[in-house]
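Note: the block below is my_file_15.cif and it holds mmCIF, C-alpha atoms.
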data_start
#
loop_
_atom_site.label_atom_id
_atom_site.label_comp_id
_atom_site.auth_asym_id
_atom_site.auth_seq_id
_atom_site.Cartn_x
_atom_site.Cartn_y
_atom_site.Cartn_z
CA MET V 10 101.67 138.28 79.81
CA ALA V 11 98.26 138.53 78.26
CA THR V 12 96.23 135.39 78.43
CA VAL V 13 93.21 134.94 76.27
CA GLU V 14 90.74 132.23 77.09
CA LEU V 15 87.94 130.98 74.94
CA SER V 16 85.38 128.37 75.71
CA PHE V 17 82.92 127.26 73.11
CA THR V 18 80.04 124.87 72.57
CA PRO V 19 81.40 121.71 70.94
CA LEU V 20 80.15 122.41 67.42
CA PRO V 21 82.28 122.17 64.25
CA ALA V 22 81.11 125.66 63.24
CA HIS V 23 83.02 127.21 66.16
CA VAL V 24 86.36 125.64 65.31
CA ARG V 25 86.97 128.32 62.69
CA THR V 26 86.41 131.01 65.32
CA ALA V 27 88.91 129.29 67.62
CA ARG V 28 91.47 129.19 64.79
CA LEU V 29 91.04 132.87 64.03
CA VAL V 30 91.34 133.88 67.68
CA ALA V 31 94.48 131.75 68.12
CA ALA V 32 96.12 133.24 65.03
CA ALA V 33 95.24 136.77 66.14
CA VAL V 34 96.68 136.28 69.63
CA ALA V 35 99.76 134.56 68.19
CA ARG V 36 100.40 137.54 65.93
CA ARG V 37 99.90 139.91 68.86
CA SER V 38 102.37 137.82 70.91
CA GLY V 39 105.04 138.28 68.29
CA VAL V 40 104.97 134.82 66.74
CA ASP V 41 106.74 135.04 63.39
CA GLU V 42 104.44 135.60 60.39
CA SER V 43 105.78 132.45 58.78
CA LEU V 44 104.50 130.36 61.71
CA LEU V 45 100.99 131.82 61.93
CA GLU V 46 99.63 129.45 59.31
CA GLU V 47 100.88 126.49 61.35
CA VAL V 48 99.38 127.89 64.54
CA ARG V 49 96.04 128.28 62.78
CA LEU V 50 96.12 124.74 61.39
CA VAL V 51 97.35 122.98 64.52
CA VAL V 52 94.96 124.79 66.88
CA GLY V 53 92.15 123.89 64.47
CA GLU V 54 93.17 120.23 64.57
CA ALA V 55 93.32 120.15 68.36
CA CYS V 56 89.92 121.87 68.62
CA SER V 57 88.34 119.58 66.01
CA ARG V 58 89.51 116.59 68.02
CA ALA V 59 88.13 118.04 71.24
CA VAL V 60 84.79 118.86 69.58
CA GLU V 61 84.54 115.29 68.35
CA GLU V 62 85.27 113.90 71.81
CA HIS V 63 82.72 116.19 73.44
CA GLN V 64 80.05 115.32 70.90
CA LEU V 65 80.58 111.67 71.75
CA HIS V 66 80.83 111.95 75.51
CA CYS V 67 79.60 115.31 76.81
CA PRO V 68 77.88 117.47 74.18
CA THR V 69 76.74 120.08 76.69
CA GLU V 70 80.21 120.80 78.07
CA PRO V 71 82.27 123.56 76.40
CA VAL V 72 85.71 123.03 74.89
CA ARG V 73 88.36 125.27 76.39
CA LEU V 74 91.17 127.06 74.61
CA ALA V 75 93.82 129.01 76.53
CA LEU V 76 96.41 131.21 74.82
CA THR V 77 99.37 132.45 76.82
CA GLU V 78 102.50 134.40 76.01
CA GLU V 79 105.24 133.78 78.50
CA ALA V 80 109.02 133.86 78.52
CA GLY V 81 109.39 134.02 74.78
CA ARG V 82 106.94 131.20 74.07
CA PHE V 83 103.41 131.42 72.78
CA GLU V 84 101.52 128.56 74.37
CA VAL V 85 98.18 127.09 73.38
CA GLU V 86 96.27 124.64 75.49
CA VAL V 87 93.15 122.88 74.25
CA THR V 88 91.29 121.03 76.97
CA ASP V 89 88.46 118.62 76.59
CA THR V 90 86.54 117.42 79.57
CA SER V 91 85.13 114.31 78.03
CA ALA V 92 85.46 111.82 80.84
CA ARG V 93 85.83 108.71 78.78
CA PRO V 94 84.43 105.45 80.02
CA ALA V 95 87.22 103.18 81.22
CA GLY V 96 88.56 100.74 78.67
CA THR V 97 87.79 102.80 75.59
CA GLY V 98 91.46 103.21 74.78
CA PRO V 99 93.52 106.34 74.52
CA ALA V 100 91.68 109.50 73.57
CA VAL V 101 94.53 110.62 71.39
CA SER V 102 95.23 107.95 68.83
CA GLY V 103 96.27 107.92 65.20
CA GLY V 104 94.63 109.69 62.33
CA PHE V 105 95.62 112.61 60.17
CA GLY V 106 94.75 115.16 62.87
CA ILE V 107 97.40 114.01 65.29
CA ALA V 108 99.85 113.56 62.40
CA VAL V 109 99.30 117.21 61.46
CA ILE V 110 99.71 118.37 65.06
CA ALA V 111 102.87 116.33 65.58
CA GLY V 112 104.26 117.40 62.22
CA LEU V 113 103.68 121.10 62.61
CA ALA V 114 103.74 122.14 66.26
CA ASP V 115 107.13 123.15 67.49
CA ASP V 116 106.52 121.48 70.83
CA VAL V 117 103.57 119.28 71.86
CA GLN V 118 102.58 117.76 75.17
CA ILE V 119 99.53 115.59 75.49
CA SER V 120 98.23 114.72 78.91
CA GLU V 121 95.33 112.39 79.42
CA THR V 122 93.58 112.15 82.74
CA ALA V 123 90.33 110.62 83.87
CA ALA V 124 88.74 114.05 83.48
CA GLY V 125 89.74 114.51 79.87
CA THR V 126 92.63 115.34 77.59
CA SER V 127 94.72 118.43 77.28
CA ILE V 128 96.94 119.19 74.30
CA ARG V 129 99.58 121.82 74.94
CA MET V 130 101.55 123.28 72.08
CA SER V 131 103.98 126.14 71.90
CA TRP V 132 105.89 128.25 69.43
CA PRO V 133 108.62 130.83 69.86
CA SER V 134 107.30 134.34 70.28
CA ALA V 135 109.27 137.52 70.20
CA VAL V 136 107.53 140.14 72.25
CA THR V 137 110.19 142.65 73.24
CA ALA V 138 110.31 142.98 77.00
CA SER V 139 109.01 146.31 78.20
CA MET Q 21 74.07 137.79 61.75
CA ALA Q 22 76.10 139.25 58.89
CA LEU Q 23 79.28 137.51 60.00
CA GLU Q 24 77.66 134.16 59.33
CA ASP Q 25 77.22 135.05 55.67
CA PHE Q 26 80.88 134.85 54.66
CA VAL Q 27 81.71 132.32 51.98
CA ASP Q 28 83.35 129.48 53.87
CA LEU Q 29 83.39 126.91 51.10
CA LYS Q 30 82.33 127.20 47.49
CA LEU Q 31 82.00 124.10 45.34
CA ASP Q 32 81.53 123.85 41.60
CA HIS Q 33 82.05 121.17 39.01
CA HIS Q 34 82.12 120.74 35.25
CA THR Q 35 83.17 118.14 32.70
CA LYS Q 36 86.30 118.59 30.65
CA ASP Q 37 87.61 115.99 28.20
CA GLY Q 38 85.49 113.34 29.86
CA ILE Q 39 86.87 114.09 33.33
CA GLU Q 40 84.84 115.78 36.05
CA ILE Q 41 86.64 118.82 37.41
CA VAL Q 42 85.66 119.83 40.95
CA ASP Q 43 86.57 123.43 41.79
CA VAL Q 44 86.95 124.04 45.50
CA GLU Q 45 87.23 127.54 46.92
CA GLY Q 46 87.62 128.66 50.53
CA GLU Q 47 88.13 126.66 53.69
CA ILE Q 48 87.83 122.89 54.04
CA ASP Q 49 87.59 122.08 57.72
CA VAL Q 50 85.62 120.02 60.20
CA TYR Q 51 82.56 122.23 59.55
CA THR Q 52 82.60 122.48 55.76
CA ALA Q 53 84.19 119.14 54.78
CA PRO Q 54 80.85 117.24 54.92
CA ARG Q 55 79.67 119.33 51.94
CA LEU Q 56 82.66 118.27 49.86
CA ARG Q 57 82.10 114.68 50.96
CA GLU Q 58 78.48 114.87 49.80
CA LEU Q 59 79.47 116.29 46.44
CA LEU Q 60 82.07 113.57 45.82
CA ILE Q 61 79.59 110.85 46.82
CA ASP Q 62 76.99 112.43 44.56
CA LEU Q 63 79.34 112.48 41.59
CA VAL Q 64 80.31 108.86 42.08
CA ASN Q 65 76.66 107.86 42.46
CA ASN Q 66 75.99 109.61 39.16
CA GLY Q 67 78.66 107.65 37.38
CA PHE Q 68 81.56 110.10 37.43
CA TYR Q 69 84.61 108.03 38.29
CA GLN Q 70 87.37 110.20 36.79
CA LEU Q 71 87.74 113.20 39.07
CA VAL Q 72 90.16 116.09 39.33
CA VAL Q 73 89.82 118.24 42.42
CA ASN Q 74 91.17 121.72 41.76
CA MET Q 75 92.48 123.11 45.06
CA GLU Q 76 94.11 126.26 43.72
CA LYS Q 77 91.57 128.48 45.49
CA VAL Q 78 91.59 126.58 48.77
CA GLU Q 79 92.63 128.87 51.59
CA PHE Q 80 92.60 126.35 54.37
CA LEU Q 81 92.67 122.56 54.56
CA ASP Q 82 92.69 120.43 57.68
CA SER Q 83 92.76 116.72 58.42
CA THR Q 84 88.99 116.39 58.03
CA GLY Q 85 89.43 117.65 54.46
CA LEU Q 86 92.23 115.15 53.88
CA GLY Q 87 89.93 112.40 55.15
CA VAL Q 88 87.22 113.43 52.69
CA LEU Q 89 89.66 113.38 49.77
CA VAL Q 90 90.96 109.95 50.78
CA GLY Q 91 87.34 108.75 51.09
CA GLY Q 92 86.63 110.09 47.60
CA LEU Q 93 89.68 108.32 46.23
CA LYS Q 94 88.53 105.06 47.79
CA ARG Q 95 85.10 105.45 46.22
CA VAL Q 96 86.29 106.15 42.67
CA ARG Q 97 88.86 103.37 42.87
CA ALA Q 98 86.08 100.93 43.66
CA HIS Q 99 84.91 101.73 40.11
CA ASP Q 100 88.42 101.66 38.63
CA GLY Q 101 88.32 105.44 38.62
CA SER Q 102 90.76 108.11 39.70
CA LEU Q 103 90.92 111.23 41.83
CA ASP Q 104 93.77 113.60 41.10
CA LEU Q 105 94.50 116.95 42.68
CA VAL Q 106 95.59 120.29 41.31
CA CYS Q 107 97.60 122.27 43.83
CA THR Q 108 100.64 124.50 43.73
CA GLN Q 109 100.19 126.25 47.08
CA GLU Q 110 103.05 125.38 49.37
CA ARG Q 111 101.03 125.64 52.61
CA ILE Q 112 98.47 123.14 51.31
CA LEU Q 113 101.10 120.82 49.80
CA LYS Q 114 102.88 120.77 53.16
CA ILE Q 115 99.86 119.12 54.78
CA PHE Q 116 99.85 116.38 52.15
CA ARG Q 117 103.56 115.90 52.68
CA ILE Q 118 103.56 115.55 56.48
CA THR Q 119 100.71 113.04 56.34
CA GLY Q 120 102.40 111.02 53.58
CA LEU Q 121 99.51 111.61 51.18
CA THR Q 122 101.70 112.94 48.35
CA LYS Q 123 102.35 109.27 47.62
CA VAL Q 124 98.63 108.51 47.49
CA PHE Q 125 97.37 111.30 45.23
CA GLY Q 126 98.54 112.46 41.85
CA ILE Q 127 99.18 116.16 42.45
CA HIS Q 128 99.48 118.44 39.43
CA ASP Q 129 100.21 122.09 38.72
CA THR Q 130 97.26 122.74 36.41
CA VAL Q 131 93.94 121.13 35.50
CA ASP Q 132 95.19 120.56 31.94
CA GLU Q 133 98.26 118.80 33.28
CA ALA Q 134 96.11 116.58 35.48
CA ILE Q 135 93.89 115.68 32.52
CA ALA Q 136 96.89 115.00 30.28
CA ALA Q 137 98.49 112.77 32.90
CA ARG Q 138 95.26 110.82 33.30
CA LYS Q 139 94.79 110.42 29.53
CA SER Q 140 98.34 109.20 29.00
CA GLU Q 141 97.85 106.54 31.65
CA LYS Q 142 94.97 104.96 29.82
#
Translate this structure into structure tokens?
Amino acid sequence: MATVELSFTPLPAHVRTARLVAAAVARRSGVDESLLEEVRLVVGEACSRAVEEHQLHCPTEPVRLALTEEAGRFEVEVTDTSARPAGTGPAVSGGFGIAVIAGLADDVQISETAAGTSIRMSWPSAVTAS
Amino acid sequence: MALEDFVDLKLDHHTKDGIEIVDVEGEIDVYTAPRLRELLIDLVNNGFYQLVVNMEKVEFLDSTGLGVLVGGLKRVRAHDGSLDLVCTQERILKIFRITGLTKVFGIHDTVDEAIAARKSEK
């Protein structure tokens, strides 16, 4: 049930770190080797998007990444707290980033609130119950 | 800090048969992609409109990298040029496939093949 949380300054340079941490925790959670590359890519995309949002709206606020292994699923949640001014349209729109996330994540949920956007993605994990 | 010294992205380029070959090595992501963008803009500004980007040594490519390649393609096309890719790595090709970009770029197995394809089109 280990949860790893990471929060980082919204700078592009830290996205690589976030990717590496996510891939390491995914491996530790028993996510199949063949899926690790996807986890790395998709988490990177979600973090890049959050970094971009923060740089536009709240450059001093950290981006949050939570990694959880529960009930045979490895779950990743990337949260941005960029409170967008009303009327600026959806935070999660088109672009290659979302196409990559939608194309590769096994399961994606995007929730947008006034406080920001959270992208939750999960993959099957296979940690043997002990 | 020593960790900061790792090679994240290495760029090189040379001319072969009148086509500029751009060798990319390492990770193209939101942090490093601006360097590739600058190089492509630089080449176009210096009159190189026939480009082949060799991605065989690319370890990681994200959507920012895709955006830079599409931007490069747009630039060379404005001069009736071309930007072809060399890539045989399945994990990289997959990203082009899910974003529909395999229809936009000529993707070849080797640099020589990319050059030959370009020459035969002329």
Closest atom pairs, chain Q residues within 10 Å of chain V, all atoms listed in the file, as a tab-separated table:
residue	atom	partner	partner_atom	distance
Q:Glu24	CA	V:Ala22	CA	10.0
Q:Asp28	CA	V:Arg25	CA	9.6
Q:Glu47	CA	V:Arg25	CA	9.2
Q:Asp49	CA	V:Arg25	CA	8.0
Q:Val50	CA	V:Pro21	CA	5.7
Q:Tyr51	CA	V:Pro21	CA	4.7
Q:Thr52	CA	V:Ala22	CA	8.3
Q:Phe80	CA	V:Leu50	CA	8.0
Q:Leu81	CA	V:Leu50	CA	8.0
Q:Asp82	CA	V:Leu50	CA	6.6
Q:Ser83	CA	V:Gly106	CA	5.1
Q:Thr84	CA	V:Gly106	CA	7.6
Q:Gly85	CA	V:Phe105	CA	9.8
Q:Leu86	CA	V:Phe105	CA	7.6
Q:Gly87	CA	V:Phe105	CA	7.6
Q:Arg111	CA	V:Glu46	CA	7.8
Q:Lys114	CA	V:Leu113	CA	9.5
Q:Ile115	CA	V:Val109	CA	7.0
Q:Phe116	CA	V:Val109	CA	9.4
Q:Arg117	CA	V:Gly112	CA	9.7
Q:Ile118	CA	V:Gly112	CA	6.1
Q:Thr119	CA	V:Ala108	CA	6.1
Q:Gly120	CA	V:Ala108	CA	9.5
Q:Leu121	CA	V:Phe105	CA	9.8
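One finds atom CA of Ala33 of chain V at 27.7 Å from atom CA of Leu31 of chain Q.
As for atom CA of Leu103 of chain Q and atom CA of Ala55 of chain V, they are spaced 28.1 Å apart.
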Practice problem: Apply the PyMOL selection byres ((chain Q and resi 126) around 12) to the structure shown and report the selected residues as a PyMOL selection string. | Solution: chain Q and resi 71-74+89-90+93+102-107+113+116+121-125+127-131+133-138+141
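Among V:Gly125, V:Trp132, V:Ala75, V:Asp89, the residue with the shortest atom-to-atom distance to Thr12 of chain V, counting only C-alpha atoms, is V:Ala75.
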Exercise. Using all atoms listed in the file, find all polymer residues with an atom at most 10 Å away from the point (89.2, 115.9, 76.1); report them as a ChimeraX atom specification.
Key: /V:55-56,58-63,66-67,72-73,87-93,100-101,120-128
Restrict the selected residues to C-alpha atoms and save them as a PDB file, in the coordinates of the input.
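Saved file selection38.pdb follows:
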ATOM      1  CA  ALA V  55      93.320 120.150  68.360  1.00  0.00           C
ATOM      2  CA  CYS V  56      89.920 121.870  68.620  1.00  0.00           C
ATOM      3  CA  ARG V  58      89.510 116.590  68.020  1.00  0.00           C
ATOM      4  CA  ALA V  59      88.130 118.040  71.240  1.00  0.00           C
ATOM      5  CA  VAL V  60      84.790 118.860  69.580  1.00  0.00           C
ATOM      6  CA  GLU V  61      84.540 115.290  68.350  1.00  0.00           C
ATOM      7  CA  GLU V  62      85.270 113.900  71.810  1.00  0.00           C
ATOM      8  CA  HIS V  63      82.720 116.190  73.440  1.00  0.00           C
ATOM      9  CA  HIS V  66      80.830 111.950  75.510  1.00  0.00           C
ATOM     10  CA  CYS V  67      79.600 115.310  76.810  1.00  0.00           C
ATOM     11  CA  VAL V  72      85.710 123.030  74.890  1.00  0.00           C
ATOM     12  CA  ARG V  73      88.360 125.270  76.390  1.00  0.00           C
ATOM     13  CA  VAL V  87      93.150 122.880  74.250  1.00  0.00           C
ATOM     14  CA  THR V  88      91.290 121.030  76.970  1.00  0.00           C
ATOM     15  CA  ASP V  89      88.460 118.620  76.590  1.00  0.00           C
ATOM     16  CA  THR V  90      86.540 117.420  79.570  1.00  0.00           C
ATOM     17  CA  SER V  91      85.130 114.310  78.030  1.00  0.00           C
ATOM     18  CA  ALA V  92      85.460 111.820  80.840  1.00  0.00           C
ATOM     19  CA  ARG V  93      85.830 108.710  78.780  1.00  0.00           C
ATOM     20  CA  ALA V 100      91.680 109.500  73.570  1.00  0.00           C
ATOM     21  CA  VAL V 101      94.530 110.620  71.390  1.00  0.00           C
ATOM     22  CA  SER V 120      98.230 114.720  78.910  1.00  0.00           C
ATOM     23  CA  GLU V 121      95.330 112.390  79.420  1.00  0.00           C
ATOM     24  CA  THR V 122      93.580 112.150  82.740  1.00  0.00           C
ATOM     25  CA  ALA V 123      90.330 110.620  83.870  1.00  0.00           C
ATOM     26  CA  ALA V 124      88.740 114.050  83.480  1.00  0.00           C
ATOM     27  CA  GLY V 125      89.740 114.510  79.870  1.00  0.00           C
ATOM     28  CA  THR V 126      92.630 115.340  77.590  1.00  0.00           C
ATOM     29  CA  SER V 127      94.720 118.430  77.280  1.00  0.00           C
ATOM     30  CA  ILE V 128      96.940 119.190  74.300  1.00  0.00           C
TER      31      ILE V 128
END
Quiz item: atom CA of Gln109 of chain Q to atom CA of Gly46 of chain Q: how many Å, to one decimal?
Solution: 13.3 Å
Quiz item: Quick one: which residues end up in the PyMOL selection byres ((chain V and resi 18) around 8) for this structure, as number ranges by chain?
Solution: V: 16-17, 19-20, 23, 68-72
Quiz item: Near Leu44 of chain V, within 10 Å and counting all atoms listed in the file, which residues show up once chain neighbours fewer than 6 positions away are dropped, as an MDAnalysis selection string?
Solution: chainID V and resid 32 35:36 113:115 132:134
